[in-house]
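J.: Below is one structure. I have some questions about it.
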Amino acid sequence: MRRMTLACLALLSGTLSAQTPYKTPPQIIVDMLDAPPLPAASISPDRQWLLLLEQRSMPTIAELAQPMLRLAGNRINPRTSGPQLPGGITGLVLKRVADGTERRVNVPTPAALSYVIWSPDSRTVAFVQTSDSGLVLWVADAATGQTRALTGSTLNATSNPPCQWMPSSTSLLCEFIPEARGPAPVAPPTPVGPTTQETRGRAAPAPTFEDLLKNHFDEQLFDYYFTSQLAYVDAATGARTPIGKPAIFERADVSPGGEHVLIARIVRPFSYLVPSGGFPQEIEIWNVKGDVVHHIATLPSSEGVPIRGVRTGPRAINWRPGTPATLVWAEALDGGDPRTKVEHQDRIVTLAAPFTAEPTELARLVKRYAGLAWDTQGIGFLQEYDRERRWVKTWIVDATKPGTAPLLLFDRSAEERYSDPGFPLMRMTPAGDFAMQRSGDWIYFTGTGASPQGDRPFLDRLSLTTRKTERLWRADTVHYEAVVALLDDAAKRFVTRRESRTEPPNYFVRQGTSLRALTAFKDPAPQLTGIQKRLLTYTREDGVPLSGTLYLPPGYTPGTRLPVVMWAYPIEFASASAAGQVSAAPNRFNIIRGPSHLFFLTQGYAVLDDPKMPIIGGDTANDHYVEQLVMSARAAVKAVVDAGVGDADRIGIGGHSYGAFMTANLLAHSDLFRAGIARSGAYNRTLTPFGFQNEDRTFWQARPVYLRMSPFVYADSINEPILMTHGEADNNSGTFPINSERLFAAIKGLGGTARLVMLPNEAHGYVARESVLHTLAEMIDWFDRYVKNAPPRSPGVSSGVR
């Protein structure tokens with residue numbers, strides 16, 4: 001008897017497992033993804049220049065496969081002492097706002113640029129070039145476009161952007177590899193003993209962070225690579241002046257006056273439970289020589305901080321713009337534990353140079369501090385967030401009048417989109433910090449302008465005297481046009497980014513109804529010309545209004561029933577009214593990048609993008625997660641079929657991350673869909689026992705909820721084909737790759753139909769060209785087989801809850 005090959009045995013057993021070469025999707029998709037994306041843009045502080053940042057399409061898998069260290073929640077390239085991937089900016093172009101003339105910046109080649117920043121005086125642009133041996137600081141003259149390198153390959157960007165401009169615009173403060181660093185630690189060839197942790201009765205709940213330190217050798221590597229030397233770099237000569245001693249800097253921020261530096265140093269003991277941002281810290285003020293002139297606080301490790309809690313001591317410490325050296329920060333009054341019942345949870349204090357007085361209290365907040373924006377005259381907008389109610393309050397504080405009670409400005413549901421007042425427009429000041437744009441009594445606001453018809457961005461101004469807003473401009477009903485920057489203090493002229501369903505995004509100068517184009521970008525993917533899209537609104541059976549964006553492929557003939565791809569992501573809400581508000585932007589141009597589900601449009605599918613899947617009920621919404629999820633999905637299926645577009649027998653469901661979790665649950669608890677695609681998901685909630693998404697209860701407090709929501713528990717009910725993809729190096733909290741591996745093993749063991757694709761070197765989102773193309777090829781093959789060409793359903797199959 002002849003021996004059977006391994007391949008034959010695999011086929012007979014109903015499973016295939018192998019590492020296969022990367023696939024590519026249809027050529028039309030390859031061509032679209034290989035096309036360079038549209039440039040990003042940055043306005044100079046003096047509002048005279050528009051800097052265009054040209055970018056490459058995707059890195060290669062070879063770049064992604066370069067050596068990487070995963071230390072304390074960070075991913076670095078040990079060869080460059082910088083981020084895992086080199087900079088993705090390939091070119092810089094300066095356009096004069098006044099007349100549109102442009103000048104190409106003479107960047108080094110091959111360009112791999114990152115950390116592009118304007119000098120406060122707008123004369124110079126600094127950027128970092130990634131070379132084979134490290135990170136190099138370059139500067140470009142805005143007037144000529146000429147560039148020069150200021151440093152060798154010695155910058156250190158393991159913790160932070162490596163450089164910032166000094167207020168004078170004549171020098172930069174940078175982090176460097178210490179000159180005496182020496183060779184990297186080498187792992188001992190033989191373990192010296194086990195790695196041991198111990199707990200003794202002190203609760204220390206923690207989310208499921210990735211890339212944490214695991215042993216003493218990791219600690220050595222973290223200490224070695226993340227230690228930096230601060231130094232000033234002369235922007236004209238490149239001369240370097242060290243400041244202070246080497247340390248691991250969590251922060252190093254120059255004061256507006258340029259005479260002080262706010263320092264946050266990470267110190268031992270390092271933690272194996274939280275990322276580096278939660279390690280113990282020393283918060284100090286240094287002078288320009290690096291001497292400590294004031295010690296603000298010693299912060300303990302964030303281990304043991306309650307879920308949704310905050311660390312005790314000063315936090316959110318920042319310089320106040322418009323002053324030479326005044327700090328503002330928040331402090332918890334409840335021990336950082338929101339479960340502690342106190343009259344006020346937080347207070348806001350300020351401290352000015354020479355830092356010898358006690359901090360002055362600016363405000364006390366009943367609920368948690370959520371942010372503070374300042375103008376340059378001492379007026380700040382202070383936000384307070386009540387998580388239980390999903391409520392936000394905005395207060396006006398006046399730092400020039402200590403003891404004055406804050407004035408309430410906004411008092412609203414954080415979930416309410418239609419009445420969202422937007423956010424203040426910020427601008428770099430002459431000192432290099434950012435402040436709210438103010439003209440006399442007016443502060444300028446912009447926002448997305450959500451409405452039942454979709455988003456229509458706006459420009460408002462708010463009177464500090466009356467606390468009333470006045471609408472200055474709003475995008476029309478055809479274009480999606482958003483404010484980028486004001487060109488004058490009275491907001492008569494401003495730069496916008498304007499697009500429509502048929503016009504790609506471009507930058508314009510708007511003055512009233514007059515428009516002048518600054519750019520003329522072409523459609524990067526003309527292959528999609530002819531796509532139709534519209535806002536689809538419908539109602540869930542419990543009366544909650546829902547919506548999604550329905551895309552139809554080029555050349556669609558009305559009345560034709562198509563296979564449909566639904567791609568969604570559930571969101572929790574406290575109120576049904578907020579859950580039903582439209583959050584779509586139907587007037588935006590179709591720009592498709594990465595492994596997008598919208599590429600199905602090139603293959604004859606209709607796509608219902610972001611059909612709303614609200615889970616309503618606040619902190620206990622998940623008690624009815626499955627029921628609400630199926631109810632929303634059923635409404636979406638009915639809507640797309642009733643629209644005359646969808647074929648009820650050929651609808652697939654998909655999602656990424658929490659959307660993948662949704663997909664597996666819908667396949668387990670309904671028969672609405674013929675197949676599913678689940679990318680980088682979590683499927684067993686016992687692996688996130690201290691909460692997930694907006695679920696605050698622990699597994700032990702809500703065991704039935706965790707189990708009911710876990711599709712792994714219901715793997716025996718997943719009787720539709722499911723494709724799972726996952727990055728082998730997933731860095732997202734909670735979505736460990738073992739989730740996909742174990743769910744696949746369960747479905748395989750139970751005789752179901754599934755495919756598992758593990759992408760080498762990829763994190764939570766997929767970025768390498770080979771990975772992106774392969775993922776799309778897998779997605780299209782899967783739905784072509786099990787959705788587009790699916791046979792009729794078996795008689796008697798239900799579409800309800802199982």
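So you can find residues: chains in the structure tokens are A, B, ... in the order shown, residues in each start at 1, and ligands are numbered from 1 in order.
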Identify, on the basis of only C-alpha atoms, every residue whose closest approach to Pro424 in chain A does not exceed 6 Å; exclude the query and any residue fewer than 4 positions from it along the same chain; express the result as a PyMOL selection string.
T.: chain A and resi 436+444-445
J.: Residues within 12 Å of Leu518 in chain A, please, as a short mmCIF file (atom, residue, chain, number, x, y, z; two decimals) with all heavy atoms, in the first residue's frame. Count only C-alpha atoms; anything in the same chain fewer than 4 positions from it doesn't count.
T.:
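Written out: selection-v7.cif:
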```cif
data_model
loop_
_atom_site.label_atom_id
_atom_site.label_comp_id
_atom_site.auth_asym_id
_atom_site.auth_seq_id
_atom_site.Cartn_x
_atom_site.Cartn_y
_atom_site.Cartn_z
N ALA A 41 -0.51 68.15 5.69
CA ALA A 41 -0.15 69.56 5.61
C ALA A 41 0.00 70.16 7.00
O ALA A 41 -0.64 69.71 7.96
CB ALA A 41 -1.20 70.34 4.82
N ILE A 43 0.53 74.21 8.77
CA ILE A 43 0.60 75.66 8.60
C ILE A 43 1.70 76.21 9.49
O ILE A 43 1.82 75.84 10.66
CB ILE A 43 -0.74 76.32 8.97
CG1 ILE A 43 -1.84 75.89 7.98
CG2 ILE A 43 -0.63 77.83 9.00
CD1 ILE A 43 -1.79 76.59 6.66
N TRP A 49 3.07 80.03 5.37
CA TRP A 49 3.48 78.86 4.60
C TRP A 49 2.58 77.67 4.90
O TRP A 49 2.14 77.47 6.03
CB TRP A 49 4.92 78.45 4.94
CG TRP A 49 5.96 79.45 4.58
CD1 TRP A 49 6.54 80.37 5.40
CD2 TRP A 49 6.56 79.64 3.30
NE1 TRP A 49 7.46 81.11 4.73
CE2 TRP A 49 7.50 80.69 3.42
CE3 TRP A 49 6.41 79.02 2.06
CZ2 TRP A 49 8.27 81.13 2.35
CZ3 TRP A 49 7.18 79.46 1.00
CH2 TRP A 49 8.09 80.50 1.14
N LEU A 50 2.33 76.89 3.85
CA LEU A 50 1.69 75.59 3.99
C LEU A 50 2.75 74.55 3.65
O LEU A 50 3.28 74.52 2.53
CB LEU A 50 0.50 75.45 3.03
CG LEU A 50 -0.29 74.14 3.11
CD1 LEU A 50 -1.12 74.09 4.39
CD2 LEU A 50 -1.20 73.98 1.88
N LEU A 51 3.11 73.74 4.63
CA LEU A 51 4.13 72.71 4.42
C LEU A 51 3.44 71.40 4.10
O LEU A 51 2.65 70.89 4.89
CB LEU A 51 4.99 72.56 5.67
CG LEU A 51 6.06 71.47 5.64
CD1 LEU A 51 7.11 71.78 4.57
CD2 LEU A 51 6.71 71.31 7.01
N LEU A 52 3.73 70.83 2.92
CA LEU A 52 3.15 69.57 2.50
C LEU A 52 4.12 68.44 2.82
O LEU A 52 5.32 68.53 2.50
CB LEU A 52 2.84 69.58 1.00
CG LEU A 52 1.88 70.68 0.53
CD1 LEU A 52 1.67 70.59 -0.97
CD2 LEU A 52 0.55 70.58 1.26
N LEU A 94 7.11 73.36 0.32
CA LEU A 94 6.61 74.60 0.93
C LEU A 94 5.78 75.37 -0.09
O LEU A 94 6.23 75.63 -1.21
CB LEU A 94 7.78 75.46 1.40
CG LEU A 94 8.50 74.99 2.66
CD1 LEU A 94 9.91 75.59 2.73
CD2 LEU A 94 7.70 75.39 3.89
N LYS A 95 4.58 75.74 0.30
CA LYS A 95 3.70 76.55 -0.56
C LYS A 95 3.41 77.86 0.16
O LYS A 95 2.97 77.85 1.32
CB LYS A 95 2.40 75.83 -0.87
CG LYS A 95 2.56 74.61 -1.76
CD LYS A 95 1.22 74.03 -2.16
CE LYS A 95 0.47 74.88 -3.16
NZ LYS A 95 1.05 74.83 -4.51
N ARG A 96 3.65 78.97 -0.52
CA ARG A 96 3.35 80.27 0.07
C ARG A 96 1.84 80.51 0.03
O ARG A 96 1.21 80.41 -1.03
CB ARG A 96 4.08 81.37 -0.67
CG ARG A 96 4.05 82.73 0.04
CD ARG A 96 4.78 83.79 -0.77
NE ARG A 96 6.19 83.49 -0.89
CZ ARG A 96 7.12 83.80 0.02
NH1 ARG A 96 6.73 84.41 1.15
NH2 ARG A 96 8.37 83.51 -0.17
N VAL A 97 1.25 80.79 1.19
CA VAL A 97 -0.20 80.94 1.27
C VAL A 97 -0.66 82.13 0.44
O VAL A 97 -1.73 82.11 -0.17
CB VAL A 97 -0.64 81.09 2.74
CG1 VAL A 97 -2.12 81.45 2.84
CG2 VAL A 97 -0.34 79.81 3.51
N ALA A 98 0.14 83.20 0.37
CA ALA A 98 -0.30 84.43 -0.30
C ALA A 98 -0.54 84.23 -1.79
O ALA A 98 -1.51 84.77 -2.33
CB ALA A 98 0.75 85.52 -0.08
N ASP A 99 0.32 83.47 -2.46
CA ASP A 99 0.18 83.35 -3.91
C ASP A 99 0.26 81.91 -4.44
O ASP A 99 0.16 81.68 -5.64
CB ASP A 99 1.24 84.20 -4.62
CG ASP A 99 2.66 83.84 -4.20
OD1 ASP A 99 2.85 82.76 -3.62
OD2 ASP A 99 3.57 84.65 -4.43
N GLY A 100 0.45 80.94 -3.55
CA GLY A 100 0.45 79.55 -3.98
C GLY A 100 1.74 79.07 -4.58
O GLY A 100 1.83 77.89 -4.97
N THR A 101 2.75 79.93 -4.69
CA THR A 101 4.03 79.47 -5.23
C THR A 101 4.62 78.43 -4.30
O THR A 101 4.45 78.48 -3.08
CB THR A 101 5.01 80.63 -5.39
OG1 THR A 101 5.19 81.29 -4.11
CG2 THR A 101 4.51 81.64 -6.40
N GLU A 102 5.34 77.48 -4.89
CA GLU A 102 5.85 76.39 -4.07
C GLU A 102 7.34 76.17 -4.27
O GLU A 102 7.91 76.53 -5.31
CB GLU A 102 5.08 75.10 -4.32
CG GLU A 102 5.32 74.42 -5.63
CD GLU A 102 4.54 73.10 -5.71
OE1 GLU A 102 3.37 73.05 -5.26
OE2 GLU A 102 5.11 72.11 -6.22
N PHE A 494 -9.44 82.08 6.27
CA PHE A 494 -8.94 80.88 6.92
C PHE A 494 -8.69 79.79 5.88
O PHE A 494 -9.25 79.81 4.78
CB PHE A 494 -9.88 80.39 8.02
CG PHE A 494 -11.34 80.32 7.66
CD1 PHE A 494 -11.90 79.14 7.19
CD2 PHE A 494 -12.16 81.43 7.82
CE1 PHE A 494 -13.25 79.07 6.88
CE2 PHE A 494 -13.51 81.37 7.51
CZ PHE A 494 -14.07 80.18 7.04
N VAL A 495 -7.82 78.86 6.25
CA VAL A 495 -7.49 77.73 5.38
C VAL A 495 -8.42 76.57 5.74
O VAL A 495 -8.64 76.27 6.92
CB VAL A 495 -6.02 77.30 5.56
CG1 VAL A 495 -5.72 76.04 4.75
CG2 VAL A 495 -5.08 78.43 5.14
N THR A 496 -8.95 75.92 4.72
CA THR A 496 -9.81 74.76 4.92
C THR A 496 -9.30 73.58 4.10
O THR A 496 -8.54 73.75 3.14
CB THR A 496 -11.27 75.04 4.51
OG1 THR A 496 -11.33 75.24 3.08
CG2 THR A 496 -11.83 76.24 5.23
N ARG A 497 -9.71 72.42 4.51
CA ARG A 497 -9.49 71.19 3.72
C ARG A 497 -10.86 70.78 3.21
O ARG A 497 -11.75 70.45 3.98
CB ARG A 497 -8.87 70.10 4.57
CG ARG A 497 -8.46 68.84 3.80
CD ARG A 497 -7.77 67.86 4.75
NE ARG A 497 -7.16 66.72 4.08
CZ ARG A 497 -7.76 65.54 3.88
NH1 ARG A 497 -9.01 65.36 4.31
NH2 ARG A 497 -7.14 64.56 3.27
N ARG A 498 -11.03 70.82 1.88
CA ARG A 498 -12.36 70.71 1.26
C ARG A 498 -12.41 69.50 0.33
O ARG A 498 -11.49 69.26 -0.45
CB ARG A 498 -12.64 72.00 0.48
CG ARG A 498 -14.04 72.17 -0.06
CD ARG A 498 -14.17 73.58 -0.63
NE ARG A 498 -15.54 73.98 -0.86
CZ ARG A 498 -16.13 74.03 -2.05
NH1 ARG A 498 -15.45 73.69 -3.13
NH2 ARG A 498 -17.37 74.44 -2.16
N PRO A 505 -9.74 65.61 -1.54
CA PRO A 505 -9.43 66.69 -0.59
C PRO A 505 -8.33 67.60 -1.11
O PRO A 505 -7.32 67.15 -1.65
CB PRO A 505 -8.97 65.94 0.67
CG PRO A 505 -9.47 64.56 0.51
CD PRO A 505 -9.50 64.28 -0.95
N ASN A 506 -8.55 68.90 -0.95
CA ASN A 506 -7.54 69.91 -1.27
C ASN A 506 -7.64 71.04 -0.28
O ASN A 506 -8.66 71.19 0.42
CB ASN A 506 -7.71 70.42 -2.70
CG ASN A 506 -6.97 69.57 -3.71
OD1 ASN A 506 -5.74 69.59 -3.78
ND2 ASN A 506 -7.72 68.79 -4.50
N TYR A 507 -6.59 71.85 -0.23
CA TYR A 507 -6.53 72.97 0.70
C TYR A 507 -6.88 74.26 -0.02
O TYR A 507 -6.44 74.50 -1.15
CB TYR A 507 -5.15 73.05 1.35
CG TYR A 507 -4.87 71.89 2.25
CD1 TYR A 507 -4.29 70.71 1.75
CD2 TYR A 507 -5.21 71.92 3.60
CE1 TYR A 507 -4.06 69.62 2.58
CE2 TYR A 507 -4.98 70.83 4.43
CZ TYR A 507 -4.40 69.69 3.91
OH TYR A 507 -4.19 68.60 4.73
N PHE A 508 -7.68 75.09 0.65
CA PHE A 508 -8.18 76.34 0.08
C PHE A 508 -8.03 77.46 1.09
O PHE A 508 -8.05 77.24 2.31
CB PHE A 508 -9.66 76.21 -0.30
CG PHE A 508 -9.94 75.28 -1.45
CD1 PHE A 508 -10.01 73.91 -1.26
CD2 PHE A 508 -10.13 75.78 -2.74
CE1 PHE A 508 -10.27 73.05 -2.31
CE2 PHE A 508 -10.39 74.92 -3.80
CZ PHE A 508 -10.46 73.55 -3.58
N VAL A 509 -7.93 78.68 0.56
CA VAL A 509 -8.09 79.88 1.38
C VAL A 509 -9.51 80.36 1.18
O VAL A 509 -9.94 80.62 0.05
CB VAL A 509 -7.09 80.98 0.98
CG1 VAL A 509 -7.40 82.27 1.75
CG2 VAL A 509 -5.66 80.53 1.26
N ARG A 510 -10.26 80.44 2.26
CA ARG A 510 -11.65 80.89 2.18
C ARG A 510 -11.77 82.28 2.78
O ARG A 510 -11.26 82.55 3.88
CB ARG A 510 -12.57 79.92 2.92
CG ARG A 510 -14.01 80.39 3.01
CD ARG A 510 -14.93 79.36 3.63
NE ARG A 510 -15.27 78.29 2.69
CZ ARG A 510 -16.20 78.39 1.75
NH1 ARG A 510 -16.87 79.53 1.60
NH2 ARG A 510 -16.45 77.38 0.96
#
```
J.: With distances taken over only C-alpha atoms, which of A:Arg389, A:Arg148, A:Arg561, A:Arg516 is nearest to Arg650 in chain A?
T.: A:Arg561
J.: Out of range 75-312 of chain A, which residues get strand (DSSP E or B) from DSSP, as a PyMOL selection string?
T.: chain A and resi 75-77+82-83+89-96+102-104+113-118+124-130+135-141+147-149+155+163-165+171-176+227-234+240-254+260-266+281-287+292-299
J.: What are the closest atom pairs, with distances in Å to one decimal, for each residue of range 113-193 of chain A lying within 12 Å of range 269-291 of chain A, using only C-alpha atoms, rows by chain and rising residue number, as a Markdown table?
T.:
```
| residue | atom | partner | partner_atom | distance |
| --- | --- | --- | --- | --- |
| A:Thr158 | CA | A:Ser276 | CA | 11.3 |
| A:Ser159 | CA | A:Ser276 | CA | 9.1 |
| A:Asn160 | CA | A:Gly277 | CA | 11.4 |
| A:Met166 | CA | A:Val288 | CA | 11.0 |
| A:Leu173 | CA | A:Val288 | CA | 10.3 |
```
J.: For the selection just defined, write its residues with N, CA, C and O atoms to a file, as an mmCIF file, in the first residue's frame.
T.:
```
data_model
loop_
_atom_site.group_PDB
_atom_site.id
_atom_site.type_symbol
_atom_site.label_atom_id
_atom_site.label_comp_id
_atom_site.auth_asym_id
_atom_site.auth_seq_id
_atom_site.Cartn_x
_atom_site.Cartn_y
_atom_site.Cartn_z
ATOM 1 N N THR A 158 13.640 56.830 21.831
ATOM 2 C CA THR A 158 12.985 55.653 22.388
ATOM 3 C C THR A 158 11.766 56.030 23.225
ATOM 4 O O THR A 158 10.787 55.284 23.270
ATOM 5 N N SER A 159 11.826 57.188 23.895
ATOM 6 C CA SER A 159 10.723 57.586 24.781
ATOM 7 C C SER A 159 9.843 58.667 24.192
ATOM 8 O O SER A 159 8.624 58.643 24.348
ATOM 9 N N ASN A 160 10.452 59.653 23.532
ATOM 10 C CA ASN A 160 9.737 60.860 23.134
ATOM 11 C C ASN A 160 10.197 61.314 21.758
ATOM 12 O O ASN A 160 11.232 60.858 21.258
ATOM 13 N N MET A 166 13.611 75.642 21.044
ATOM 14 C CA MET A 166 13.633 76.623 22.116
ATOM 15 C C MET A 166 12.836 77.844 21.671
ATOM 16 O O MET A 166 12.714 78.120 20.467
ATOM 17 N N LEU A 173 16.263 71.759 21.946
ATOM 18 C CA LEU A 173 16.584 70.866 23.055
ATOM 19 C C LEU A 173 16.321 69.447 22.579
ATOM 20 O O LEU A 173 15.199 69.122 22.178
#
```
J.: Counting only C-alpha atoms, give me one row per residue of range 571-634 of chain A with an atom at most 12 Å from an atom of range 56-64 of chain A, showing the shortest contact pair and its distance in Å to one decimal, sorted by chain then residue number, as JSON lines.
T.:
```
{"residue": "A:Ile592", "atom": "CA", "partner": "A:Ser57", "partner_atom": "CA", "distance": 11.5}
{"residue": "A:Arg593", "atom": "CA", "partner": "A:Ser57", "partner_atom": "CA", "distance": 8.6}
{"residue": "A:Gly594", "atom": "CA", "partner": "A:Met58", "partner_atom": "CA", "distance": 8.4}
{"residue": "A:Pro595", "atom": "CA", "partner": "A:Met58", "partner_atom": "CA", "distance": 11.3}
```
J.: Can those selected residues be exported to a file as a PDB file, in the first residue's frame so that it contains all heavy atoms?
T.:
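The resulting file, again18.pdb, is reproduced below:
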```
ATOM      1  N   ILE A 592      -9.290  55.151   0.219  1.00  0.00           N
ATOM      2  CA  ILE A 592      -9.209  53.818   0.805  1.00  0.00           C
ATOM      3  C   ILE A 592      -7.744  53.431   0.931  1.00  0.00           C
ATOM      4  O   ILE A 592      -7.010  53.399  -0.062  1.00  0.00           O
ATOM      5  CB  ILE A 592      -9.965  52.789  -0.060  1.00  0.00           C
ATOM      6  CG1 ILE A 592     -11.391  53.287  -0.355  1.00  0.00           C
ATOM      7  CG2 ILE A 592     -10.004  51.439   0.631  1.00  0.00           C
ATOM      8  CD1 ILE A 592     -12.176  52.368  -1.258  1.00  0.00           C
ATOM      9  N   ARG A 593      -7.307  53.147   2.150  1.00  0.00           N
ATOM     10  CA  ARG A 593      -5.930  52.746   2.403  1.00  0.00           C
ATOM     11  C   ARG A 593      -5.917  51.510   3.296  1.00  0.00           C
ATOM     12  O   ARG A 593      -6.909  51.199   3.974  1.00  0.00           O
ATOM     13  CB  ARG A 593      -5.133  53.861   3.093  1.00  0.00           C
ATOM     14  CG  ARG A 593      -5.166  55.221   2.416  1.00  0.00           C
ATOM     15  CD  ARG A 593      -4.595  55.209   1.025  1.00  0.00           C
ATOM     16  NE  ARG A 593      -3.244  54.684   0.936  1.00  0.00           N
ATOM     17  CZ  ARG A 593      -2.578  54.539  -0.208  1.00  0.00           C
ATOM     18  NH1 ARG A 593      -3.175  54.868  -1.357  1.00  0.00           N
ATOM     19  NH2 ARG A 593      -1.348  54.062  -0.222  1.00  0.00           N
ATOM     20  N   GLY A 594      -4.796  50.833   3.345  1.00  0.00           N
ATOM     21  CA  GLY A 594      -4.652  49.687   4.230  1.00  0.00           C
ATOM     22  C   GLY A 594      -5.579  48.549   3.841  1.00  0.00           C
ATOM     23  O   GLY A 594      -6.149  48.515   2.746  1.00  0.00           O
ATOM     24  N   PRO A 595      -5.781  47.591   4.739  1.00  0.00           N
ATOM     25  CA  PRO A 595      -6.623  46.422   4.417  1.00  0.00           C
ATOM     26  C   PRO A 595      -8.106  46.746   4.570  1.00  0.00           C
ATOM     27  O   PRO A 595      -8.836  46.070   5.287  1.00  0.00           O
ATOM     28  CB  PRO A 595      -6.153  45.383   5.428  1.00  0.00           C
ATOM     29  CG  PRO A 595      -5.732  46.187   6.616  1.00  0.00           C
ATOM     30  CD  PRO A 595      -5.141  47.453   6.065  1.00  0.00           C
TER      31      PRO A 595
END
```
J.: From a backbone DSSP assignment, name each residue in range 163-309 of chain A labelled alpha helix (DSSP H), as a PyMOL selection string.
T.: chain A and resi 216-226
J.: Output C-alpha atoms for every residue in that selection, as a CSV table (one decimal), in the first residue's frame.
T.:
```
chain,number,residue,atom,x,y,z
A,216,HIS,CA,16.0,41.3,35.0
A,217,PHE,CA,17.5,41.3,31.5
A,218,ASP,CA,14.6,43.3,30.2
A,219,GLU,CA,15.2,45.8,32.9
A,220,GLN,CA,18.8,46.1,31.8
A,221,LEU,CA,17.8,46.6,28.2
A,222,PHE,CA,15.2,49.2,29.2
A,223,ASP,CA,17.8,51.1,31.3
A,224,TYR,CA,20.4,50.9,28.5
A,225,TYR,CA,18.3,52.0,25.5
A,226,PHE,CA,15.9,54.5,27.2
```
J.: Do a neighbour search on Thr326 in chain A at 9 Å with only C-alpha atoms, toss out local chain neighbours closer than 2 positions, and write the hits as a count of residues only.
T.: 14
J.: Quick one: everything within 7 Å of range 652-662 of chain A, counting only C-alpha atoms, minus sequence neighbours fewer than 2 positions away in the same chain. Send it as JSON, numbers by chain.
T.: {"A": [564, 565, 566, 567, 568, 569, 570, 650, 664, 665, 666, 673, 674, 675, 676, 677, 678, 679, 680, 681, 682, 683, 787]}
J.: List the spatial neighbours of Val125 in chain A as a list in words - criterion: any atom at most 7 Å away, only C-alpha atoms, same-chain residues fewer than 6 positions off excluded.
T.: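 These residues fall inside the cut-off: Val116, Ile117, Trp118, Ser119, Val139, Ala140, Asp141 and Ala142 of chain A.
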J.: Please provide the set of residues having any atom within 9 Å of Ala157 in chain A, restricted to only C-alpha atoms, with same-chain residues fewer than 2 positions apart removed, written as an MDAnalysis selection string.
T.: chainID A and resid 76 80:83 135 155 159:163 175:176 226 228
J.: Excluding same-chain residues fewer than 4 positions from Lys468 in chain A, what lies within 12 Å of it counting only C-alpha atoms, as a count of residues only?
T.: 14
J.: Just checking: using only C-alpha atoms, which residue out of A:Gly432, A:Phe249, A:Val93, A:Ala206 ends up closest to Pro120 in chain A?
T.: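 For Pro120 in chain A, the nearest of the candidates is A:Gly432.
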J.: Would you mind listing, for every residue of range 657-736 of chain A within 12 Å of range 382-387 of chain A, the two atoms forming the shortest contact and the distance between them in Å to one decimal, using only C-alpha atoms, sorted by chain and ascending residue number, as a tab-separated table?
T.:
```
residue	atom	partner	partner_atom	distance
A:Asn694	CA	A:Arg387	CA	10.0
A:Glu695	CA	A:Arg387	CA	11.8
A:Asp696	CA	A:Arg387	CA	10.8
```
J.: With C-alpha atoms retained, could you export that selection as a compact mmCIF listing (two decimals), in the first residue's frame?
T.:
```txt
# COMPACT_ATOMS: atom_id res chain seq x y z
CA ASN A 694 -16.28 50.37 28.77
CA GLU A 695 -16.92 47.41 31.06
CA ASP A 696 -15.71 48.38 34.56
```
J.: Restricting the calculation to only C-alpha atoms, which member of A:Asp411, A:Asp523, A:Glu762, A:Asp619 is positioned closest to Thr394 in chain A?
T.: A:Asp411
J.: Would you work out the distance separating CA of Ala475 in chain A from CA of Asp375 in chain A, expressed in Å to one decimal?
T.: 26.3 Å
J.: So, with only C-alpha atoms as the atoms that count, which of A:Pro185, A:Pro430, A:Gly134, A:Gly258 lies closest to Ser171 in chain A?
T.: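 Nearest to Ser171 in chain A: A:Gly258.
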